[in-house]
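Okay, structure first, notes after.
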Amino acid sequence: MAKKAFGGYQISFKGRTETAEEIFGSHPIAPSEMTKRIWTFVKKHKLSSKG
């Protein structure tokens with residue numbers, strides 16, 4: 001049996017075709033900004049679910 005995700009959220013990027021450059025941009029950014037952009041992307045495309 002799979003272990004439950006920390007915090008109860010599950011994220012699935014299955015079927016997505018975006019590149020990292022499309023999500024993060026072409027300029028260097030801080031890790032904290034990467035996290036913000038990932039969550040913005042996840043929320044915009046409704047990729048998370050409460051598991």
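By order of appearance in the structure tokens: chains A, B, ..., then residues from 1 within every chain, and ligands from 1 in the order shown.
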
Using the chain letters and numbers from this document, which residues of chain A does DSSP assign to strand (DSSP E), as a short mmCIF file (atom, residue, chain, number, x, y, z; two decimals) with C-alpha atoms, in the first residue's frame?
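Output (part_16.cif):
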```cif
data_model
loop_
_atom_site.label_atom_id
_atom_site.label_comp_id
_atom_site.auth_asym_id
_atom_site.auth_seq_id
_atom_site.Cartn_x
_atom_site.Cartn_y
_atom_site.Cartn_z
CA TYR A 9 -2.26 16.60 -1.01
CA GLN A 10 -1.44 14.66 -4.13
CA ILE A 11 -0.12 16.33 -7.29
CA SER A 48 -3.71 18.74 -6.95
CA SER A 49 -6.23 16.74 -5.00
CA LYS A 50 -6.84 16.10 -1.35
#
```

Within 10 Å of A:Ile38 using only C-alpha atoms, minus same-chain residues under 6 positions, as an NGL selection string: :A and (20 or 23-24 or 44)

Quick one: residues within 12 Å of A:Lys14, only C-alpha atoms, excluding same-chain residues fewer than 5 positions away - as a PyMOL selection string? chain A and resi 42+45+47-48

Suppose we keep N, CA and C atoms; can you now write the selection as a PDB file, in the first residue's frame?
```
ATOM      1  N   VAL A  42       0.268  24.572 -10.536  1.00  0.00           N
ATOM      2  CA  VAL A  42      -0.572  23.474 -10.057  1.00  0.00           C
ATOM      3  C   VAL A  42      -2.004  23.950  -9.831  1.00  0.00           C
ATOM      4  N   HIS A  45      -3.911  24.872 -13.188  1.00  0.00           N
ATOM      5  CA  HIS A  45      -4.300  23.723 -14.004  1.00  0.00           C
ATOM      6  C   HIS A  45      -5.015  22.625 -13.214  1.00  0.00           C
ATOM      7  N   LEU A  47      -4.144  20.566 -10.706  1.00  0.00           N
ATOM      8  CA  LEU A  47      -3.402  19.306 -10.712  1.00  0.00           C
ATOM      9  C   LEU A  47      -3.330  18.644  -9.342  1.00  0.00           C
ATOM     10  N   SER A  48      -3.806  19.309  -8.297  1.00  0.00           N
ATOM     11  CA  SER A  48      -3.708  18.737  -6.955  1.00  0.00           C
ATOM     12  C   SER A  48      -5.069  18.227  -6.501  1.00  0.00           C
TER      13      SER A  48
END
```

Looking only at the backbone, which of the residues in chain A does DSSP tag as alpha helix (DSSP H), as a PyMOL selection string? chain A and resi 20-24+31-44

Export, as a PDB file, in the first residue's frame, the selected residues with N, CA and C atoms.
```pdb
ATOM      1  N   ALA A  20      10.174  23.055 -18.292  1.00  0.00           N
ATOM      2  CA  ALA A  20      10.545  23.830 -17.102  1.00  0.00           C
ATOM      3  C   ALA A  20      10.703  25.300 -17.467  1.00  0.00           C
ATOM      4  N   GLU A  21      11.230  25.579 -18.647  1.00  0.00           N
ATOM      5  CA  GLU A  21      11.410  26.969 -19.077  1.00  0.00           C
ATOM      6  C   GLU A  21      10.067  27.676 -19.228  1.00  0.00           C
ATOM      7  N   GLU A  22       9.039  26.973 -19.670  1.00  0.00           N
ATOM      8  CA  GLU A  22       7.715  27.574 -19.799  1.00  0.00           C
ATOM      9  C   GLU A  22       7.119  27.902 -18.431  1.00  0.00           C
ATOM     10  N   ILE A  23       7.433  27.104 -17.440  1.00  0.00           N
ATOM     11  CA  ILE A  23       6.903  27.330 -16.091  1.00  0.00           C
ATOM     12  C   ILE A  23       7.720  28.357 -15.332  1.00  0.00           C
ATOM     13  N   PHE A  24       9.056  28.238 -15.387  1.00  0.00           N
ATOM     14  CA  PHE A  24       9.930  29.086 -14.582  1.00  0.00           C
ATOM     15  C   PHE A  24      10.485  30.297 -15.315  1.00  0.00           C
ATOM     16  N   PRO A  31      15.217  29.494  -5.308  1.00  0.00           N
ATOM     17  CA  PRO A  31      14.384  28.327  -5.007  1.00  0.00           C
ATOM     18  C   PRO A  31      13.003  28.703  -4.464  1.00  0.00           C
ATOM     19  N   SER A  32      12.926  29.744  -3.667  1.00  0.00           N
ATOM     20  CA  SER A  32      11.626  30.158  -3.122  1.00  0.00           C
ATOM     21  C   SER A  32      10.685  30.613  -4.235  1.00  0.00           C
ATOM     22  N   GLU A  33      11.222  31.278  -5.247  1.00  0.00           N
ATOM     23  CA  GLU A  33      10.412  31.712  -6.384  1.00  0.00           C
ATOM     24  C   GLU A  33       9.986  30.511  -7.221  1.00  0.00           C
ATOM     25  N   MET A  34      10.849  29.500  -7.326  1.00  0.00           N
ATOM     26  CA  MET A  34      10.490  28.277  -8.046  1.00  0.00           C
ATOM     27  C   MET A  34       9.282  27.615  -7.391  1.00  0.00           C
ATOM     28  N   THR A  35       9.302  27.536  -6.068  1.00  0.00           N
ATOM     29  CA  THR A  35       8.196  26.931  -5.333  1.00  0.00           C
ATOM     30  C   THR A  35       6.899  27.695  -5.589  1.00  0.00           C
ATOM     31  N   LYS A  36       6.963  29.016  -5.548  1.00  0.00           N
ATOM     32  CA  LYS A  36       5.774  29.841  -5.801  1.00  0.00           C
ATOM     33  C   LYS A  36       5.230  29.589  -7.196  1.00  0.00           C
ATOM     34  N   ARG A  37       6.100  29.492  -8.182  1.00  0.00           N
ATOM     35  CA  ARG A  37       5.660  29.289  -9.569  1.00  0.00           C
ATOM     36  C   ARG A  37       5.099  27.887  -9.789  1.00  0.00           C
ATOM     37  N   ILE A  38       5.680  26.896  -9.123  1.00  0.00           N
ATOM     38  CA  ILE A  38       5.135  25.540  -9.229  1.00  0.00           C
ATOM     39  C   ILE A  38       3.711  25.508  -8.685  1.00  0.00           C
ATOM     40  N   TRP A  39       3.502  26.090  -7.493  1.00  0.00           N
ATOM     41  CA  TRP A  39       2.170  26.070  -6.894  1.00  0.00           C
ATOM     42  C   TRP A  39       1.175  26.893  -7.701  1.00  0.00           C
ATOM     43  N   THR A  40       1.620  27.990  -8.286  1.00  0.00           N
ATOM     44  CA  THR A  40       0.749  28.772  -9.161  1.00  0.00           C
ATOM     45  C   THR A  40       0.308  27.926 -10.351  1.00  0.00           C
ATOM     46  N   PHE A  41       1.255  27.198 -10.945  1.00  0.00           N
ATOM     47  CA  PHE A  41       0.970  26.325 -12.079  1.00  0.00           C
ATOM     48  C   PHE A  41       0.010  25.209 -11.676  1.00  0.00           C
ATOM     49  N   VAL A  42       0.268  24.572 -10.536  1.00  0.00           N
ATOM     50  CA  VAL A  42      -0.572  23.474 -10.057  1.00  0.00           C
ATOM     51  C   VAL A  42      -2.004  23.950  -9.831  1.00  0.00           C
ATOM     52  N   LYS A  43      -2.161  25.092  -9.179  1.00  0.00           N
ATOM     53  CA  LYS A  43      -3.495  25.624  -8.902  1.00  0.00           C
ATOM     54  C   LYS A  43      -4.214  26.041 -10.182  1.00  0.00           C
ATOM     55  N   LYS A  44      -3.494  26.687 -11.103  1.00  0.00           N
ATOM     56  CA  LYS A  44      -4.087  27.156 -12.359  1.00  0.00           C
ATOM     57  C   LYS A  44      -4.633  25.995 -13.189  1.00  0.00           C
TER      58      LYS A  44
END
```
